[in-house]
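Participant: I'd like to ask some things about the structure below.
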Amino acid sequence: MAKQKQVLDALGVQRAVTRVAHEILEANMGIGDLALVGIRSGGVIVSQMLAREIKKIEGLDVPLGIVDITLYRDDLSAGTHHPALRSTEIDFSVDDKKLVLVDDVLYTGRTVRAAMDSLIDFGRPKMIKLAVLIDRGHRELPIRADFVGKNIPTSPNDVIKASLEGDIGVDIIIND
Amino acid sequence: MLKRKDILGLSDLKKEELELILDTAESLREVSDRDIKKVPTLRGKTIINLFFEASTRTRTSFEIAGKRMSADVINISASSSSTVKGETLIDTARNLQAMSPDVVVVRHASSGAPHMIAEAIDASVINAGDGCHEHPSQGLLDLLTIRQAKGSIEGCRVAIIGDIEHSRVVRSNIYGLKTMGADLVVAGLPTMMPAGIEKMGVDVAYSIDAAIKGADVIMMLRIQKERLSNPLFPTEREYSIAFGLNSKRLELAKKDVVIMHPGPINRGVEIAPEVADGSHSLILDQVKNGVAVRMALLYLLAGLKQGDN
């Protein structure tokens, strides 16, 4: 029997994003050389939310990009279903930037690996950090997030559903 | 996902399939604008360009497309192939198959040659031009170019002018454009017009002026000197006067008309230099889109290959 439980409501998501925005600015000591890159598709909205918070705090726009990892996947030929290929949109130079890669849910880490490979093909950033709204564990690669909105312990069978448009909230669906 | 092994023509591709290819190509255009023009998607895949006919643009375009996606690309041309030693087409294909390529790109002077190869081997086959039949990747890059310029292909009035009978580009374009809902008119000398062309669902005009009046897109075709044993017109100068596109004639078309040509252009014959180089010309956009479309085809055929299709 599957059970669905809300782990973050709209206000909770907003508080987590606000805190992560502050943490990013604190770690970076301001907005200098900072750029956000959202991973398609879930990370894009989180990166836009973070950019809005950063503008509220610092009064400045932070460069914002989108990375599509389809071309860098490690399971292309495995016969699994893939979302349609969309383009990567990074209209600023990544050279010497402090990039913050943004995703909604961190799980195996394979998506982040693909996104890092993609970013490195655009140039040589000064550093790449990782911000996620939810960390659900079960990593398959040596990757960890620098900024986490909320840690949610899960079992591999569970599903995390992050709705970030309309009725905002994060739910966990527990399958026993 | 494209559920087919080969791309042999646009005649049997459904609208959703055309749209998937065009959308994928649109997303892949960005790769060619990068400083590092390479993505790892087709790492470990082998693509063979098997060209029995001369080609610079198409072969280079397929080669660049494959290399930008990290595939290994091997070129075989007629002069260096063992067909000159008497091997049959099917034997050549089976020998290549024995070396396990993922995609074989075929150009041949005989219509249907790629279809024959596709049936004989397990690798995906892309038709890069067969006789006077089809040239699907050219048709697709034309669709992409029109969609970019006009926003949508549906309802566009497209005039195709030149040697309709001997052009494989025309046939692929007619199939693709009709499927996408364009309105088509073809024009050329009577010697260049195949009997029954109107059965393909196109209007036929016998003067260039009638064809380009009100057109959104004008597609000029090359006079294929190498394919003709008997000349279809007295002199190039005469052809140019009767069917060449110049700036005066262009005034008959819509203000925002776009000019296309599959290349290589014969300057001053079918197209005047001031038109080919003018602001309405999309000829070089077509070439750029050619790489993106071929990347999309290779990605959809080789990158997403499944055991069961």
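Residue numbering restarts at 1 for every chain of the structure tokens, chains are lettered A, B, ... in their displayed order, and ligands are numbered from 1 as they appear.
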Give the residues of chain B that lie within 7 Å of chain A; count only C-alpha atoms, and format the answer as a PDB file with all heavy atoms, in the first residue's frame.
Facilitator:
```pdb
ATOM      1  N   THR B  24      14.390  18.018 -31.839  1.00  0.00           N
ATOM      2  CA  THR B  24      15.693  17.534 -31.379  1.00  0.00           C
ATOM      3  C   THR B  24      16.811  18.332 -32.049  1.00  0.00           C
ATOM      4  O   THR B  24      17.774  18.751 -31.401  1.00  0.00           O
ATOM      5  CB  THR B  24      15.837  16.030 -31.697  1.00  0.00           C
ATOM      6  OG1 THR B  24      14.741  15.332 -31.116  1.00  0.00           O
ATOM      7  CG2 THR B  24      17.130  15.465 -31.149  1.00  0.00           C
ATOM      8  N   SER B  27      17.236  21.725 -30.514  1.00  0.00           N
ATOM      9  CA  SER B  27      17.967  21.678 -29.245  1.00  0.00           C
ATOM     10  C   SER B  27      19.461  21.463 -29.457  1.00  0.00           C
ATOM     11  O   SER B  27      20.271  21.891 -28.652  1.00  0.00           O
ATOM     12  CB  SER B  27      17.425  20.552 -28.364  1.00  0.00           C
ATOM     13  OG  SER B  27      16.060  20.729 -28.097  1.00  0.00           O
ATOM     14  N   LEU B  28      19.824  20.793 -30.547  1.00  0.00           N
ATOM     15  CA  LEU B  28      21.232  20.458 -30.783  1.00  0.00           C
ATOM     16  C   LEU B  28      21.999  21.589 -31.472  1.00  0.00           C
ATOM     17  O   LEU B  28      23.223  21.553 -31.545  1.00  0.00           O
ATOM     18  CB  LEU B  28      21.329  19.179 -31.624  1.00  0.00           C
ATOM     19  CG  LEU B  28      21.010  17.891 -30.865  1.00  0.00           C
ATOM     20  CD1 LEU B  28      20.771  16.742 -31.828  1.00  0.00           C
ATOM     21  CD2 LEU B  28      22.146  17.546 -29.911  1.00  0.00           C
ATOM     22  N   GLU B  30      22.627  24.467 -30.497  1.00  0.00           N
ATOM     23  CA  GLU B  30      23.454  25.170 -29.520  1.00  0.00           C
ATOM     24  C   GLU B  30      24.865  24.561 -29.415  1.00  0.00           C
ATOM     25  O   GLU B  30      25.838  25.277 -29.186  1.00  0.00           O
ATOM     26  CB  GLU B  30      22.671  25.128 -28.205  1.00  0.00           C
ATOM     27  CG  GLU B  30      23.388  25.329 -26.927  1.00  0.00           C
ATOM     28  CD  GLU B  30      23.844  24.044 -26.280  1.00  0.00           C
ATOM     29  OE1 GLU B  30      23.120  23.015 -26.324  1.00  0.00           O
ATOM     30  OE2 GLU B  30      24.946  24.065 -25.745  1.00  0.00           O
ATOM     31  N   ARG B  34      29.173  26.414 -29.330  1.00  0.00           N
ATOM     32  CA  ARG B  34      30.052  26.387 -28.172  1.00  0.00           C
ATOM     33  C   ARG B  34      31.512  26.547 -28.584  1.00  0.00           C
ATOM     34  O   ARG B  34      31.857  26.328 -29.736  1.00  0.00           O
ATOM     35  CB  ARG B  34      29.926  25.039 -27.443  1.00  0.00           C
ATOM     36  CG  ARG B  34      28.561  24.754 -26.899  1.00  0.00           C
ATOM     37  CD  ARG B  34      28.600  23.451 -26.130  1.00  0.00           C
ATOM     38  NE  ARG B  34      27.266  23.060 -25.695  1.00  0.00           N
ATOM     39  CZ  ARG B  34      27.014  21.949 -24.993  1.00  0.00           C
ATOM     40  NH1 ARG B  34      28.012  21.126 -24.690  1.00  0.00           N
ATOM     41  NH2 ARG B  34      25.797  21.657 -24.627  1.00  0.00           N
ATOM     42  N   ASP B  35      32.348  26.899 -27.606  1.00  0.00           N
ATOM     43  CA  ASP B  35      33.794  26.924 -27.876  1.00  0.00           C
ATOM     44  C   ASP B  35      34.286  25.494 -28.067  1.00  0.00           C
ATOM     45  O   ASP B  35      35.083  25.216 -28.949  1.00  0.00           O
ATOM     46  CB  ASP B  35      34.541  27.559 -26.698  1.00  0.00           C
ATOM     47  CG  ASP B  35      34.308  29.061 -26.659  1.00  0.00           C
ATOM     48  OD1 ASP B  35      33.949  29.619 -27.714  1.00  0.00           O
ATOM     49  OD2 ASP B  35      34.459  29.666 -25.584  1.00  0.00           O
ATOM     50  N   ILE B  36      33.819  24.594 -27.197  1.00  0.00           N
ATOM     51  CA  ILE B  36      34.176  23.180 -27.327  1.00  0.00           C
ATOM     52  C   ILE B  36      32.989  22.499 -27.988  1.00  0.00           C
ATOM     53  O   ILE B  36      31.988  22.192 -27.331  1.00  0.00           O
ATOM     54  CB  ILE B  36      34.478  22.562 -25.951  1.00  0.00           C
ATOM     55  CG1 ILE B  36      35.602  23.350 -25.269  1.00  0.00           C
ATOM     56  CG2 ILE B  36      34.844  21.081 -26.089  1.00  0.00           C
ATOM     57  CD1 ILE B  36      35.795  23.025 -23.805  1.00  0.00           C
ATOM     58  N   VAL B  39      29.976  16.885 -27.717  1.00  0.00           N
ATOM     59  CA  VAL B  39      29.297  16.285 -26.565  1.00  0.00           C
ATOM     60  C   VAL B  39      29.535  14.769 -26.624  1.00  0.00           C
ATOM     61  O   VAL B  39      29.786  14.227 -27.697  1.00  0.00           O
ATOM     62  CB  VAL B  39      27.781  16.595 -26.571  1.00  0.00           C
ATOM     63  CG1 VAL B  39      27.523  18.061 -26.310  1.00  0.00           C
ATOM     64  CG2 VAL B  39      27.136  16.172 -27.873  1.00  0.00           C
ATOM     65  N   PRO B  40      29.507  14.075 -25.470  1.00  0.00           N
ATOM     66  CA  PRO B  40      29.938  12.665 -25.454  1.00  0.00           C
ATOM     67  C   PRO B  40      28.851  11.664 -25.853  1.00  0.00           C
ATOM     68  O   PRO B  40      29.062  10.460 -25.746  1.00  0.00           O
ATOM     69  CB  PRO B  40      30.323  12.454 -23.988  1.00  0.00           C
ATOM     70  CG  PRO B  40      29.452  13.396 -23.235  1.00  0.00           C
ATOM     71  CD  PRO B  40      29.216  14.586 -24.129  1.00  0.00           C
ATOM     72  N   THR B  41      27.726  12.145 -26.357  1.00  0.00           N
ATOM     73  CA  THR B  41      26.524  11.317 -26.504  1.00  0.00           C
ATOM     74  C   THR B  41      26.723  10.021 -27.279  1.00  0.00           C
ATOM     75  O   THR B  41      26.201   8.979 -26.919  1.00  0.00           O
ATOM     76  CB  THR B  41      25.432  12.149 -27.190  1.00  0.00           C
ATOM     77  OG1 THR B  41      25.473  13.450 -26.633  1.00  0.00           O
ATOM     78  CG2 THR B  41      24.070  11.544 -27.027  1.00  0.00           C
ATOM     79  N   GLY B 303      21.830   6.799 -30.750  1.00  0.00           N
ATOM     80  CA  GLY B 303      21.945   7.108 -29.326  1.00  0.00           C
ATOM     81  C   GLY B 303      20.873   6.441 -28.502  1.00  0.00           C
ATOM     82  O   GLY B 303      21.107   6.009 -27.385  1.00  0.00           O
ATOM     83  N   LEU B 304      19.659   6.366 -29.051  1.00  0.00           N
ATOM     84  CA  LEU B 304      18.540   5.845 -28.272  1.00  0.00           C
ATOM     85  C   LEU B 304      18.147   4.452 -28.721  1.00  0.00           C
ATOM     86  O   LEU B 304      17.037   4.013 -28.503  1.00  0.00           O
ATOM     87  CB  LEU B 304      17.336   6.777 -28.395  1.00  0.00           C
ATOM     88  CG  LEU B 304      17.531   8.190 -27.859  1.00  0.00           C
ATOM     89  CD1 LEU B 304      16.272   9.004 -28.049  1.00  0.00           C
ATOM     90  CD2 LEU B 304      17.897   8.167 -26.392  1.00  0.00           C
ATOM     91  N   LYS B 305      19.073   3.778 -29.382  1.00  0.00           N
ATOM     92  CA  LYS B 305      18.736   2.472 -29.951  1.00  0.00           C
ATOM     93  C   LYS B 305      18.225   1.506 -28.884  1.00  0.00           C
ATOM     94  O   LYS B 305      18.780   1.352 -27.821  1.00  0.00           O
ATOM     95  CB  LYS B 305      19.965   1.865 -30.637  1.00  0.00           C
ATOM     96  CG  LYS B 305      19.612   0.577 -31.368  1.00  0.00           C
ATOM     97  CD  LYS B 305      20.810   0.086 -32.154  1.00  0.00           C
ATOM     98  CE  LYS B 305      21.025   0.911 -33.413  1.00  0.00           C
ATOM     99  NZ  LYS B 305      22.124   0.382 -34.220  1.00  0.00           N
ATOM    100  N   GLN B 306      17.147   0.828 -29.190  1.00  0.00           N
ATOM    101  CA  GLN B 306      16.591  -0.162 -28.280  1.00  0.00           C
ATOM    102  C   GLN B 306      16.701  -1.527 -28.917  1.00  0.00           C
ATOM    103  O   GLN B 306      16.734  -1.642 -30.134  1.00  0.00           O
ATOM    104  CB  GLN B 306      15.123   0.136 -28.008  1.00  0.00           C
ATOM    105  CG  GLN B 306      14.936   1.250 -27.020  1.00  0.00           C
ATOM    106  CD  GLN B 306      13.522   1.273 -26.492  1.00  0.00           C
ATOM    107  OE1 GLN B 306      12.591   1.311 -27.253  1.00  0.00           O
ATOM    108  NE2 GLN B 306      13.387   1.228 -25.193  1.00  0.00           N
TER     109      GLN B 306
END
```
Participant: As a PyMOL selection string, please: all residues of region 62-153 of chain B that backbone DSSP puts in alpha helix (DSSP H).
Facilitator: chain B and resi 62-68+89-97+113-120+136-150
Participant: Write a file of the selected residues as a compact mmCIF listing (two decimals), in the first residue's frame, keeping C-alpha atoms.
Facilitator:
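Saved file selection33.txt follows:
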```
# COMPACT_ATOMS: atom_id res chain seq x y z
CA PHE B 62 27.28 14.04 -41.67
CA GLU B 63 30.92 13.71 -40.67
CA ILE B 64 30.86 16.88 -38.55
CA ALA B 65 27.52 15.86 -37.03
CA GLY B 66 28.91 12.47 -36.00
CA LYS B 67 32.17 13.91 -34.67
CA ARG B 68 30.43 16.64 -32.65
CA LEU B 89 26.33 -3.51 -53.46
CA ILE B 90 24.85 -6.10 -51.11
CA ASP B 91 28.22 -7.78 -50.61
CA THR B 92 29.81 -4.44 -49.81
CA ALA B 93 27.03 -3.77 -47.30
CA ARG B 94 27.33 -7.21 -45.66
CA ASN B 95 31.08 -6.80 -45.33
CA LEU B 96 30.60 -3.46 -43.63
CA GLN B 97 27.95 -4.99 -41.35
CA ALA B 113 19.93 1.48 -53.29
CA PRO B 114 19.79 2.57 -49.60
CA HIS B 115 16.53 0.60 -49.17
CA MET B 116 18.24 -2.53 -50.49
CA ILE B 117 21.14 -2.05 -48.09
CA ALA B 118 18.76 -1.35 -45.18
CA GLU B 119 17.08 -4.71 -45.72
CA ALA B 120 20.40 -6.54 -45.90
CA PRO B 136 15.54 13.13 -46.52
CA SER B 137 18.18 14.96 -44.46
CA GLN B 138 18.09 17.85 -46.96
CA GLY B 139 14.29 17.90 -46.77
CA LEU B 140 14.46 17.98 -42.96
CA LEU B 141 16.97 20.82 -42.85
CA ASP B 142 14.73 22.78 -45.23
CA LEU B 143 11.74 22.16 -42.94
CA LEU B 144 13.77 23.33 -39.95
CA THR B 145 14.93 26.46 -41.80
CA ILE B 146 11.37 27.37 -42.85
CA ARG B 147 10.03 26.73 -39.35
CA GLN B 148 12.68 29.01 -37.85
CA ALA B 149 12.07 31.78 -40.39
CA LYS B 150 8.27 31.64 -40.40
```
Participant: Take CA of Gly290 (chain B) and CA of Val204 (chain B) and report the distance between them in Å, one decimal.
Facilitator: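 Between CA of Gly290 (chain B) and CA of Val204 (chain B) the gap works out to 28.0 Å.
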Participant: Have a look at B:Gly244, B:Gly151, B:Gly278, B:Gly181 and name the one nearest to Asp163 (chain B); count only C-alpha atoms.
Facilitator: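 Checking each candidate against Asp163 (chain B), we get B:Gly244 as the closest.
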Participant: CA of Met220 (chain B) to CA of Glu270 (chain B): how many Å, to one decimal?
Facilitator: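 We find that CA of Met220 (chain B) and CA of Glu270 (chain B) lie 7.0 Å from each other.
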Participant: Please identify all polymer residues within 7 Å of Asn127 (chain B), counting only C-alpha atoms, omitting same-chain residues fewer than 2 positions from it, and present them as a VMD selection string.
Facilitator: chain B and resid 7 to 9 105 to 107 114 125 129 to 130 135 to 136
Participant: Give me the residues within 12 Å of Ser55 (chain B) as a list in words, counting only C-alpha atoms and dropping any in the same chain fewer than 2 places off.
Facilitator: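 Counting only C-alpha atoms, the residues come to Asn49, Leu50, Phe51, Phe52, Glu53, Arg57, Thr58, Arg59, Thr60, Ser61, Phe62, Glu63, Asn75, Ile76, Ser77, Ala78, Val106, Arg107, His108, Ala109, Ala128, Gly129, Gly263 and Pro264 of chain B.
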Participant: Given only C-alpha atoms as the basis, pick out the residue of B:Ser167, B:Ser152, B:Ser240, B:Asn246 nearest to Met193 (chain B).
Facilitator: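 Using only C-alpha atoms, Met193 (chain B) sits closest to B:Ser167.
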Participant: Which residues come within 10 Å of Lys254 (chain B), counting only C-alpha atoms, excluding same-chain residues fewer than 5 positions away, as a PyMOL selection string?
Facilitator: chain B and resi 212-217
Participant: Pick out the residues sitting within 12 Å of Asp12 (chain B), and hand them over as a PyMOL selection string; count only C-alpha atoms, and ignore anything fewer than 6 positions along from it in its own chain.
Facilitator: chain B and resi 4+6+18+134+136+172+175-176+178-179
Participant: If you measure from CA of Lys15 (chain B) to CA of Ala296 (chain B), what distance in Å do you get, rounded to one decimal?
Facilitator: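 That distance, rounded to one decimal, is 16.0 Å.
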Participant: Among the residues of region 250-289 of chain B, find those DSSP assigns to strand (DSSP E or B) from the backbone and print them as a ChimeraX atom specification.
Facilitator: /B:258-260,267,271,281
Participant: Neighbouring residues of Gly155 (chain B) were defined as those with any atom within 9 Å, considering only C-alpha atoms; residues of the same chain fewer than 5 positions away were excluded. Please report them as a PyMOL selection string.
Facilitator: chain B and resi 180-183
Participant: Write the residues of the preceding selection, restricted to C-alpha atoms, as a PDB file, in the first residue's frame.
Facilitator:
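Resulting contents of part_0.pdb:
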```pdb
ATOM      1  CA  MET B 180       3.499  19.658 -42.165  1.00  0.00           C
ATOM      2  CA  GLY B 181       0.616  21.438 -43.907  1.00  0.00           C
ATOM      3  CA  ALA B 182       2.362  23.793 -46.343  1.00  0.00           C
ATOM      4  CA  ASP B 183       0.833  24.984 -49.605  1.00  0.00           C
TER       5      ASP B 183
END
```
Participant: Have a look at B:Met192, B:Leu284, B:Met1, B:Ile21 and name the one nearest to Pro231 (chain B); count only C-alpha atoms.
Facilitator: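 Comparing B:Met192, B:Leu284, B:Met1, B:Ile21 against Pro231 (chain B), the winner is B:Met192.
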